[in-house]
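Trainee: Below is my_file32.cif; it holds mmCIF, C-alpha atoms.
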data_query
#
loop_
_atom_site.label_atom_id
_atom_site.label_comp_id
_atom_site.auth_asym_id
_atom_site.auth_seq_id
_atom_site.Cartn_x
_atom_site.Cartn_y
_atom_site.Cartn_z
CA ALA A 1 140.65 98.55 89.81
CA ALA A 2 138.57 99.17 86.71
CA SER A 3 141.20 97.55 84.49
CA ASP A 4 140.91 94.30 86.49
CA VAL A 5 137.13 94.28 86.03
CA TYR A 6 137.55 94.80 82.29
CA LYS A 7 140.11 92.00 82.07
CA ARG A 8 137.86 89.52 83.91
CA GLN A 9 134.85 90.37 81.76
CA ALA A 10 136.95 90.22 78.59
CA TYR A 11 138.34 86.80 79.57
CA HIS A 12 134.89 85.32 80.21
CA TYR A 13 133.42 86.71 76.99
CA ARG A 14 136.39 85.47 74.96
CA ARG A 15 135.93 81.97 76.40
CA ALA A 16 132.21 82.08 75.62
CA ALA A 17 132.86 83.28 72.08
CA SER A 18 135.43 80.51 71.60
CA HIS A 19 133.00 77.83 72.79
CA ALA A 20 130.25 79.18 70.58
CA ALA A 21 132.56 79.13 67.56
CA GLU A 22 133.73 75.57 68.27
CA LEU A 23 130.22 74.22 68.77
CA GLY A 24 128.53 76.24 66.06
CA GLY A 25 126.39 78.04 68.62
CA VAL A 26 125.28 77.32 72.19
CA GLU A 27 121.67 77.32 73.30
CA GLY A 28 120.91 80.29 75.52
CA MET A 29 124.05 82.18 74.59
CA PRO A 30 123.37 85.67 73.24
CA ASP A 31 123.98 86.28 69.54
CA ASP A 32 126.24 89.25 70.27
CA VAL A 33 128.73 87.34 72.43
CA LEU A 34 131.54 87.90 69.91
CA ASP A 35 130.86 91.64 69.75
CA LYS A 36 130.88 91.78 73.55
CA ALA A 37 134.12 89.81 73.71
CA ILE A 38 135.75 92.31 71.36
CA SER A 39 134.35 95.33 73.24
CA TRP A 40 135.45 94.11 76.68
CA THR A 41 138.90 93.12 75.41
CA LEU A 42 139.41 96.56 73.88
CA ALA A 43 138.22 98.19 77.11
CA ALA A 44 140.75 96.10 79.05
CA ALA A 45 143.58 97.05 76.68
CA ARG A 46 142.74 100.76 76.85
CA ALA A 47 142.47 100.71 80.64
CA THR A 48 145.83 98.95 80.90
CA LYS A 49 147.92 100.98 78.47
CA GLY A 50 148.36 104.02 80.70
CA SER A 51 149.07 102.22 83.92
CA ALA A 52 150.55 98.75 83.57
CA ALA A 53 152.83 96.45 81.66
CA MET A 54 153.27 97.35 78.00
CA ALA A 55 153.50 93.75 76.87
CA ARG A 56 150.11 92.99 78.43
CA THR A 57 148.54 95.93 76.62
CA GLU A 58 149.86 94.75 73.27
CA GLN A 59 148.65 91.22 74.05
CA LEU A 60 145.12 92.41 74.80
CA PHE A 61 144.94 94.37 71.54
CA GLY A 62 146.19 91.20 69.85
CA ASP A 63 143.43 89.18 71.51
CA ALA A 64 140.86 91.63 70.16
CA LEU A 65 142.34 91.43 66.66
CA ALA A 66 142.24 87.62 66.81
CA LEU A 67 138.50 87.80 67.43
CA MET A 68 137.94 90.07 64.44
CA GLY A 69 137.61 89.03 60.84
CA ASP A 70 139.85 90.62 58.23
CA ASP A 71 136.99 92.89 57.17
CA HIS A 72 135.92 93.97 60.68
CA PRO A 73 135.16 97.74 60.64
CA LEU A 74 137.39 98.35 63.68
CA ARG A 75 140.38 96.37 62.48
CA ALA A 76 142.42 99.33 61.15
CA ASP A 77 141.65 101.36 64.28
CA VAL A 78 142.81 98.56 66.58
CA LEU A 79 145.95 97.88 64.55
CA LEU A 80 146.87 101.56 64.98
CA GLU A 81 146.11 101.35 68.71
CA ARG A 82 148.38 98.34 69.11
CA ALA A 83 151.07 100.12 67.09
CA ALA A 84 150.78 103.14 69.39
CA ALA A 85 151.11 100.89 72.45
CA ALA A 86 154.20 99.26 70.96
CA MET A 87 155.66 102.68 70.15
CA ARG A 88 155.57 103.67 73.83
CA GLY A 89 158.13 100.95 74.48
CA LEU A 90 159.96 101.57 71.19
CA HIS A 91 159.13 98.06 69.97
CA THR A 92 159.78 99.26 66.45
CA ALA A 93 159.44 95.90 64.71
CA ALA A 94 155.96 95.47 66.21
CA VAL A 95 155.03 99.03 65.23
CA ARG A 96 156.13 98.46 61.63
CA ARG A 97 154.24 95.13 61.50
CA ASP A 98 150.94 96.72 62.51
CA LEU A 99 151.33 99.81 60.33
CA ASP A 100 152.02 97.58 57.32
CA ALA A 101 148.98 95.43 58.16
CA ALA A 102 146.82 98.55 58.46
CA ALA A 103 148.01 100.11 55.18
CA PRO A 104 145.58 98.37 52.77
CA LEU A 105 142.70 98.99 55.17
CA LEU A 106 143.56 102.69 55.39
CA ALA A 107 143.81 102.91 51.61
CA ALA A 108 140.19 101.78 51.43
CA SER A 109 139.03 104.01 54.28
CA ALA A 110 137.55 107.48 53.98
CA ASP A 111 138.31 108.33 57.62
CA PRO A 112 140.92 111.15 57.74
CA ARG A 113 141.49 110.63 61.48
CA LEU A 114 142.82 107.16 60.83
CA ARG A 115 145.15 108.52 58.16
CA LEU A 116 146.33 111.21 60.58
CA ARG A 117 147.09 108.69 63.32
CA ASP A 118 148.94 106.54 60.81
CA ALA A 119 151.05 109.53 59.68
CA LEU A 120 151.92 110.44 63.28
CA LEU A 121 153.00 106.89 64.06
CA ARG A 122 155.00 106.54 60.86
CA SER A 123 156.68 109.86 61.59
CA GLU A 124 157.71 108.73 65.06
CA LEU A 125 158.89 105.37 63.71
CA ALA A 126 161.03 107.14 61.10
CA GLN A 127 162.41 109.50 63.76
CA TRP A 128 163.57 106.72 66.07
CA SER A 129 164.90 104.78 63.06
CA GLY A 130 167.10 107.73 62.06
CA ASP A 131 165.25 108.90 58.93
CA GLN A 132 164.54 112.48 59.99
CA GLN A 133 163.54 113.71 56.52
CA ALA A 134 160.77 111.11 56.27
CA ALA A 135 159.79 111.82 59.88
CA LEU A 136 159.39 115.53 59.12
CA ALA A 137 157.40 114.95 55.93
CA LEU A 138 155.01 112.58 57.71
CA GLY A 139 154.61 114.95 60.66
CA GLU A 140 153.75 117.80 58.29
CA GLU A 141 151.31 115.50 56.46
CA ALA A 142 149.55 114.81 59.77
CA LEU A 143 149.45 118.53 60.52
CA VAL A 144 147.76 119.28 57.18
CA ILE A 145 145.05 116.69 57.89
CA ALA A 146 144.53 118.09 61.41
CA HIS A 147 144.03 121.62 60.04
CA GLU A 148 141.53 120.29 57.50
CA LEU A 149 139.58 118.71 60.36
CA ASP A 150 139.76 121.96 62.37
CA ASP A 151 140.60 119.98 65.52
CA PRO A 152 142.92 121.84 67.94
CA VAL A 153 144.08 118.72 69.78
CA LEU A 154 144.97 116.88 66.57
CA ALA A 155 146.69 120.03 65.31
CA ALA A 156 148.63 120.13 68.58
CA ASP A 157 149.63 116.49 68.12
CA GLY A 158 150.94 117.35 64.65
CA LEU A 159 152.80 120.42 65.87
CA ARG A 160 154.41 118.47 68.71
CA ARG A 161 155.41 115.69 66.33
CA VAL A 162 157.06 118.20 63.95
CA GLY A 163 158.77 119.82 66.93
CA MET A 164 160.26 116.52 68.10
CA VAL A 165 161.66 115.84 64.63
CA ARG A 166 163.20 119.32 64.61
CA LEU A 167 164.76 118.50 67.99
CA PHE A 168 166.31 115.30 66.59
CA GLN A 169 167.57 117.32 63.61
CA GLY A 170 169.33 119.67 66.03
CA ASP A 171 167.21 122.72 65.15
CA HIS A 172 166.29 123.69 68.71
CA ASP A 173 164.71 127.06 67.88
CA LYS A 174 162.25 125.59 65.36
CA ALA A 175 161.58 122.69 67.71
CA ALA A 176 160.70 125.04 70.58
CA SER A 177 158.54 127.23 68.34
CA SER A 178 156.51 124.25 67.12
CA ILE A 179 156.06 122.72 70.56
CA ASN A 180 155.10 126.07 72.11
CA LEU A 181 152.36 126.34 69.49
CA ALA A 182 151.32 122.79 70.38
CA TYR A 183 151.13 123.73 74.07
CA ASP A 184 148.86 126.70 73.24
CA ALA A 185 146.58 124.47 71.15
CA TYR A 186 146.36 121.87 73.93
CA ALA A 187 145.60 124.65 76.42
CA SER A 188 142.79 125.97 74.21
CA ALA A 189 141.15 122.53 74.46
CA ASP A 190 141.96 122.01 78.18
CA ASP A 191 143.97 118.90 77.25
CA VAL A 192 146.01 118.40 80.44
CA GLY A 193 147.88 115.37 79.13
CA GLY A 194 148.88 117.12 75.92
CA MET A 195 150.07 120.18 77.86
CA ALA A 196 152.16 117.93 80.11
CA TRP A 197 153.84 116.23 77.17
CA ALA A 198 154.55 119.61 75.56
CA ARG A 199 156.18 120.77 78.81
CA GLN A 200 158.27 117.59 78.94
CA ASN A 201 159.39 118.12 75.33
CA LEU A 202 160.27 121.77 76.01
CA ALA A 203 162.27 120.63 79.03
CA TRP A 204 164.17 118.24 76.75
CA ILE A 205 165.04 121.15 74.43
CA ALA A 206 166.13 123.30 77.38
CA PHE A 207 168.31 120.46 78.71
CA ILE A 208 170.06 119.90 75.38
CA SER A 209 170.53 123.67 75.04
CA GLY A 210 172.15 123.87 78.48
CA ARG A 211 169.32 125.76 80.21
CA MET A 212 169.15 123.50 83.25
CA ALA A 213 167.01 125.71 85.51
CA GLU A 214 164.35 126.02 82.79
CA ALA A 215 164.48 122.27 82.17
CA GLU A 216 164.03 121.52 85.86
CA GLY A 217 161.05 123.87 86.21
CA ARG A 218 159.27 122.46 83.18
CA LEU A 219 159.88 118.87 84.32
CA GLU A 220 158.44 119.56 87.76
CA GLN A 221 155.30 121.01 86.15
CA ALA A 222 155.03 118.09 83.73
CA THR A 223 155.51 115.49 86.45
CA GLU A 224 152.81 117.07 88.62
CA ALA A 225 150.36 117.05 85.69
CA PHE A 226 151.18 113.46 84.72
CA GLU A 227 150.67 112.31 88.31
CA ALA A 228 147.30 114.09 88.44
CA ILE A 229 145.98 112.21 85.39
CA GLY A 230 147.65 108.88 86.23
CA ASP A 231 149.99 108.80 83.24
CA LEU A 232 152.81 106.75 84.74
CA SER A 233 154.71 106.63 81.47
CA GLY A 234 154.76 110.43 81.40
CA VAL A 235 155.91 110.53 85.03
CA SER A 236 158.71 108.09 84.23
CA TRP A 237 159.93 110.00 81.16
CA SER A 238 159.94 113.26 83.14
CA ARG A 239 161.73 111.85 86.18
CA GLY A 240 164.23 110.11 83.93
CA LEU A 241 165.14 113.36 82.19
CA LEU A 242 165.31 115.12 85.56
CA ALA A 243 167.93 112.55 86.62
CA TYR A 244 170.14 113.77 83.75
CA VAL A 245 169.53 117.40 84.76
CA ARG A 246 170.67 116.53 88.29
CA ILE A 247 173.81 114.81 86.93
CA HIS A 248 174.81 117.89 84.98
CA ALA A 249 174.25 120.00 88.11
CA GLY A 250 176.60 117.73 90.05
CA ARG A 251 173.79 116.55 92.34
CA PHE A 252 174.73 112.92 91.93
CA ASP A 253 172.94 111.42 94.95
CA GLU A 254 169.62 112.96 93.86
CA ALA A 255 170.25 111.91 90.26
CA GLU A 256 170.91 108.30 91.21
CA ASP A 257 167.82 108.18 93.42
CA LEU A 258 165.64 109.45 90.54
CA ALA A 259 167.25 107.05 88.08
CA GLN A 260 166.81 104.05 90.39
CA ARG A 261 163.13 104.86 90.97
CA THR A 262 162.53 105.33 87.26
CA LEU A 263 164.39 102.10 86.49
CA VAL A 264 162.11 100.11 88.80
CA GLU A 265 158.99 101.70 87.26
CA ALA A 266 160.28 100.98 83.75
CA ARG A 267 160.86 97.32 84.66
CA ASP A 268 157.32 97.08 86.01
CA ARG A 269 155.94 98.47 82.72
CA GLY A 270 158.23 96.39 80.53
CA ASP A 271 159.74 99.57 79.02
CA ARG A 272 163.19 98.39 77.94
CA TRP A 273 164.23 101.67 76.34
CA ALA A 274 163.59 103.59 79.58
CA GLN A 275 165.49 100.90 81.49
CA GLY A 276 168.45 101.34 79.17
CA MET A 277 168.47 105.12 79.55
CA MET A 278 168.38 104.85 83.34
CA HIS A 279 171.31 102.43 83.31
CA VAL A 280 173.14 105.03 81.15
CA ALA A 281 172.27 107.73 83.70
CA LEU A 282 173.56 105.58 86.57
CA ALA A 283 176.70 104.73 84.57
CA THR A 284 177.30 108.42 83.87
CA ALA A 285 176.93 109.34 87.55
CA ALA A 286 179.27 106.52 88.53
CA LEU A 287 181.90 107.63 85.97
CA TRP A 288 181.78 111.26 87.07
CA THR A 289 182.19 110.26 90.73
CA GLY A 290 185.13 107.93 90.08
CA ARG A 291 183.34 104.57 90.45
CA VAL A 292 184.65 103.25 87.17
CA ASP A 293 183.87 99.56 87.72
CA ASP A 294 180.25 100.42 88.50
CA ALA A 295 180.16 102.63 85.40
CA VAL A 296 181.33 99.73 83.22
CA ARG A 297 178.76 97.37 84.74
CA ARG A 298 175.88 99.82 84.30
CA ALA A 299 176.85 100.69 80.73
CA GLN A 300 176.99 97.02 79.80
CA LYS A 301 173.55 96.47 81.34
CA ALA A 302 172.23 99.36 79.27
CA ARG A 303 173.60 97.88 76.05
CA ALA A 304 172.02 94.52 76.88
CA VAL A 305 168.56 95.88 77.66
CA PHE A 306 167.96 98.41 74.84
CA PRO A 307 165.41 96.95 72.41
CA VAL A 308 166.79 96.03 69.00
CA GLY A 309 165.89 98.58 66.34
CA SER A 310 165.11 101.43 68.73
CA ASP A 311 166.74 104.85 69.06
CA PRO A 312 170.43 104.35 68.20
CA MET A 313 171.60 107.19 70.45
CA GLY A 314 170.90 105.27 73.68
CA PRO A 315 173.23 102.36 72.84
CA VAL A 316 175.86 104.80 71.50
CA GLN A 317 175.82 106.70 74.80
CA ALA A 318 176.19 103.42 76.69
CA VAL A 319 179.20 102.45 74.55
CA ALA A 320 180.75 105.89 75.08
CA ILE A 321 180.49 105.59 78.88
CA GLU A 322 181.70 101.98 78.87
CA GLY A 323 184.76 102.80 76.76
CA ARG A 324 185.78 105.79 78.88
CA ALA A 325 185.25 103.87 82.11
CA LEU A 326 187.32 100.93 80.87
CA VAL A 327 190.20 103.27 80.00
CA ARG A 328 190.02 105.00 83.37
CA SER A 329 190.03 101.63 85.12
CA GLY A 330 193.31 100.75 83.42
CA ARG A 331 191.84 98.45 80.77
CA VAL A 332 193.07 100.81 78.07
CA THR A 333 193.20 98.49 75.06
CA GLU A 334 189.76 97.08 75.80
CA GLY A 335 188.29 100.56 76.22
CA PHE A 336 189.63 101.84 72.91
CA ARG A 337 188.51 98.65 71.17
CA VAL A 338 184.94 99.18 72.40
CA LEU A 339 184.90 102.80 71.19
CA THR A 340 186.55 102.24 67.81
CA ALA A 341 184.38 99.22 67.03
CA GLU A 342 181.26 101.33 67.53
CA LEU A 343 182.76 104.20 65.54
CA ALA A 344 183.40 101.81 62.63
CA ASP A 345 179.64 101.22 62.37
CA GLU A 346 179.36 104.82 61.11
CA PRO A 347 176.57 106.08 63.33
CA GLN A 348 174.65 109.17 62.35
CA LEU A 349 176.03 112.60 63.17
CA PRO A 350 174.89 112.96 66.82
CA GLY A 351 176.25 109.50 67.69
CA LEU A 352 179.45 110.20 65.76
CA ARG A 353 180.06 113.32 67.86
CA VAL A 354 179.42 111.44 71.11
CA LEU A 355 181.94 108.75 70.17
CA GLU A 356 184.57 111.22 68.95
CA THR A 357 184.26 113.17 72.21
CA SER A 358 184.60 109.99 74.23
CA LEU A 359 187.66 108.92 72.23
CA ALA A 360 189.27 112.30 72.87
CA ALA A 361 188.49 112.05 76.59
CA ALA A 362 189.85 108.51 76.73
CA ALA A 363 193.01 109.58 74.91
CA ALA A 364 193.47 112.46 77.35
CA THR A 365 193.23 109.96 80.19
CA VAL A 366 196.30 108.12 78.93
CA GLY A 367 198.11 111.25 77.75
CA ASP A 368 197.64 110.55 74.05
CA ILE A 369 195.72 113.60 72.89
CA ALA A 370 196.72 113.05 69.26
CA MET A 371 195.27 109.54 69.38
CA GLY A 372 198.29 107.95 67.75
#
Would you encode the structure as structure tokens?

Mentor:
Amino acid sequence: AASDVYKRQAYHYRRAASHAAELGGVEGMPDDVLDKAISWTLAAARATKGSAAMARTEQLFGDALALMGDDHPLRADVLLERAAAAMRGLHTAAVRRDLDAAAPLLAASADPRLRLRDALLRSELAQWSGDQQAALALGEEALVIAHELDDPVLAADGLRRVGMVRLFQGDHDKAASSINLAYDAYASADDVGGMAWARQNLAWIAFISGRMAEAEGRLEQATEAFEAIGDLSGVSWSRGLLAYVRIHAGRFDEAEDLAQRTLVEARDRGDRWAQGMMHVALATAALWTGRVDDAVRRAQKARAVFPVGSDPMGPVQAVAIEGRALVRSGRVTEGFRVLTAELADEPQLPGLRVLETSLAAAAATVGDIAMG
């Protein structure tokens, strides 16, 4: 594979550059060995990020940064690339670290594309951290820069980012409007990957809005496009959402098959957030089919695997399933303790509703609708 070739070349050039630095130069070694080491390492990181383990991608970008001086002209660009790689796995602490490191470099840069990428990443970081107002402002900032550059793909990225924030705010109509505009902009530039992500996002909106047939159709289109361009992360996100669509259709065997496949792929990539969501899907299917002990086990696995500081809704959903399953299994006190302890942490509104619904369902299970 091309990525393996890049990795081997990068490794050899990094060793050569290290020897040259230690010895103050080596006779016969080209003067540009450090530049080549950086170039090959970046090529290896970029070839890896769409198809292999996330941790390895971040490591390769880190290797490239270690070879660069603080004033290297590519340093801000590579910091943003490593932040983007970390964002795919919702490693939010790593994302924040690199964005903070890039900030003074961006302040001194005249490149608007770097500022746009920074705004998009900061918007997504704010979204997953629960600050939707900041996420929206940063997404709109990125969109303004994209329009100034007159670049349809960058404009589409900004529109899709704003749409995702609107989705997290619960404004499904504005979310769909923004992402449909993004899809049209991607289509005008023949950006297959962008169109696939827009379809996946529109499927997410349809799913949350209860339009399961629409969600399924969009996910099938997105998955086909992701497979065609080799975006395994996109395939995984689409199949994972399709598992939830299958659960809500009562097609539990199909849902569990999709979730298991996606779980294995997420483990191979090192994507802990996707692993957590697939454990939640499997726990949900188990609960709805009466396998309460399996539901408890899966929910607890989900809580253990979600990365610290990522989307709070995933862990809240895991707690909700675990609490309900514990009550249904007869461990009533333990189940209510799990739910009320999470509720005491005062999650944001979507999580609050999930927990209140689960408490009501658990109370109904034991005939205590008034909850005491």

Trainee: Calculated over all atoms listed in the file, which of the candidates A:Arg117, A:Ile205, A:Ala304, A:Leu282 has the smallest distance to Asp171 in chain A?

Mentor: A:Ile205

Trainee: Could you spell out the hits of the PyMOL selection byres ((chain A and resi 303) around 8) on the shown file, as a PyMOL selection string?

Mentor: chain A and resi 276+299-302+304-306+315+318-319

Trainee: Would you export the selected residues with C-alpha atoms as a tab-separated table (two decimals), keeping the file's coordinate frame, please?

Mentor:
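What ended up in result.tsv:
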chain	number	residue	atom	x	y	z
A	276	GLY	CA	168.45	101.34	79.17
A	299	ALA	CA	176.85	100.69	80.73
A	300	GLN	CA	176.99	97.02	79.80
A	301	LYS	CA	173.55	96.47	81.34
A	302	ALA	CA	172.23	99.36	79.27
A	304	ALA	CA	172.02	94.52	76.88
A	305	VAL	CA	168.56	95.88	77.66
A	306	PHE	CA	167.96	98.41	74.84
A	315	PRO	CA	173.23	102.36	72.84
A	318	ALA	CA	176.19	103.42	76.69
A	319	VAL	CA	179.20	102.45	74.55

Trainee: For CA of Ala187 in chain A and CA of Gly234 in chain A, quote the distance in Å rounded to one decimal.

Mentor: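 Pair CA of Ala187 in chain A / CA of Gly234 in chain A returns 17.6 Å.
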
Trainee: So how far away is CA of Ala215 in chain A from CA of Leu202 in chain A, in Å?

Mentor: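 A separation of 7.5 Å between them.
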
Trainee: Please identify all polymer residues within 12 Å of His248 in chain A, counting all atoms listed in the file, omitting same-chain residues fewer than 2 positions from it, and present them as a list in words.

Mentor: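 Once the nearby chain positions are removed, what remains is Phe207, Ile208, Gly210, Arg211, Met212, Ala213, Ala215, Glu216, Leu241, Leu242, Ala243, Tyr244, Val245, Arg246, Gly250, Arg251, Phe252, Glu254, Ala255, Ala281, Thr284, Ala285 and Trp288 of chain A.
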
Trainee: Could you tell me how far CA of Gln200 in chain A lies from CA of Glu322 in chain A, in Å and to one decimal?

Mentor: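 CA of Glu322 in chain A lies at a distance of 28.2 Å from CA of Gln200 in chain A.
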
Trainee: Can you translate the PyMOL selection byres ((chain A and resi 337) around 12) into the concrete residues it hits in this file, as a list in words?

Mentor: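 Applying the PyMOL selection byres ((chain A and resi 337) around 12) to the structure shown produces Val319, Ala320, Glu322, Gly323, Arg324, Leu326, Val327, Arg331, Val332, Thr333, Glu334, Gly335, Phe336, Val338, Leu339, Thr340, Ala341, Glu342, Leu343, Ala344, Leu359 and Ala362 of chain A.
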
Trainee: Near Leu159 in chain A, counting only C-alpha atoms, which residues have an atom at most 12 Å away, once you skip same-chain residues fewer than 2 positions from it, shown as a PyMOL selection string?

Mentor: chain A and resi 120+136+138-147+152-157+161-166+174-186+194+198+201

Trainee: Take the PyMOL selection byres ((chain A and resi 77) around 10), apply it to the structure above, and return the hits as a compact mmCIF listing (two decimals) with C-alpha atoms, in the coordinates of the input.

Mentor:
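Result file selection_12.txt:
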# COMPACT_ATOMS: atom_id res chain seq x y z
CA PRO A 73 135.16 97.74 60.64
CA LEU A 74 137.39 98.35 63.68
CA ARG A 75 140.38 96.37 62.48
CA ALA A 76 142.42 99.33 61.15
CA VAL A 78 142.81 98.56 66.58
CA LEU A 79 145.95 97.88 64.55
CA LEU A 80 146.87 101.56 64.98
CA GLU A 81 146.11 101.35 68.71
CA ARG A 82 148.38 98.34 69.11
CA ALA A 83 151.07 100.12 67.09
CA ALA A 102 146.82 98.55 58.46
CA LEU A 105 142.70 98.99 55.17
CA LEU A 106 143.56 102.69 55.39
CA ARG A 113 141.49 110.63 61.48
CA LEU A 114 142.82 107.16 60.83
CA ARG A 117 147.09 108.69 63.32
CA ASP A 118 148.94 106.54 60.81

Trainee: Do you know which residues are at most 12 Å from Val264 in chain A counting only C-alpha atoms, after dropping those on the same chain fewer than 3 positions away, and could you put them as a VMD selection string?

Mentor: chain A and resid 236 240 257 to 261 267 to 272 274 to 276 278 to 279

Trainee: Out of A:Ala206, A:Trp128, A:Pro104, A:Trp197, which residue has the shortest atom-to-atom distance to Gln169 in chain A when counting only C-alpha atoms?

Mentor: A:Trp128
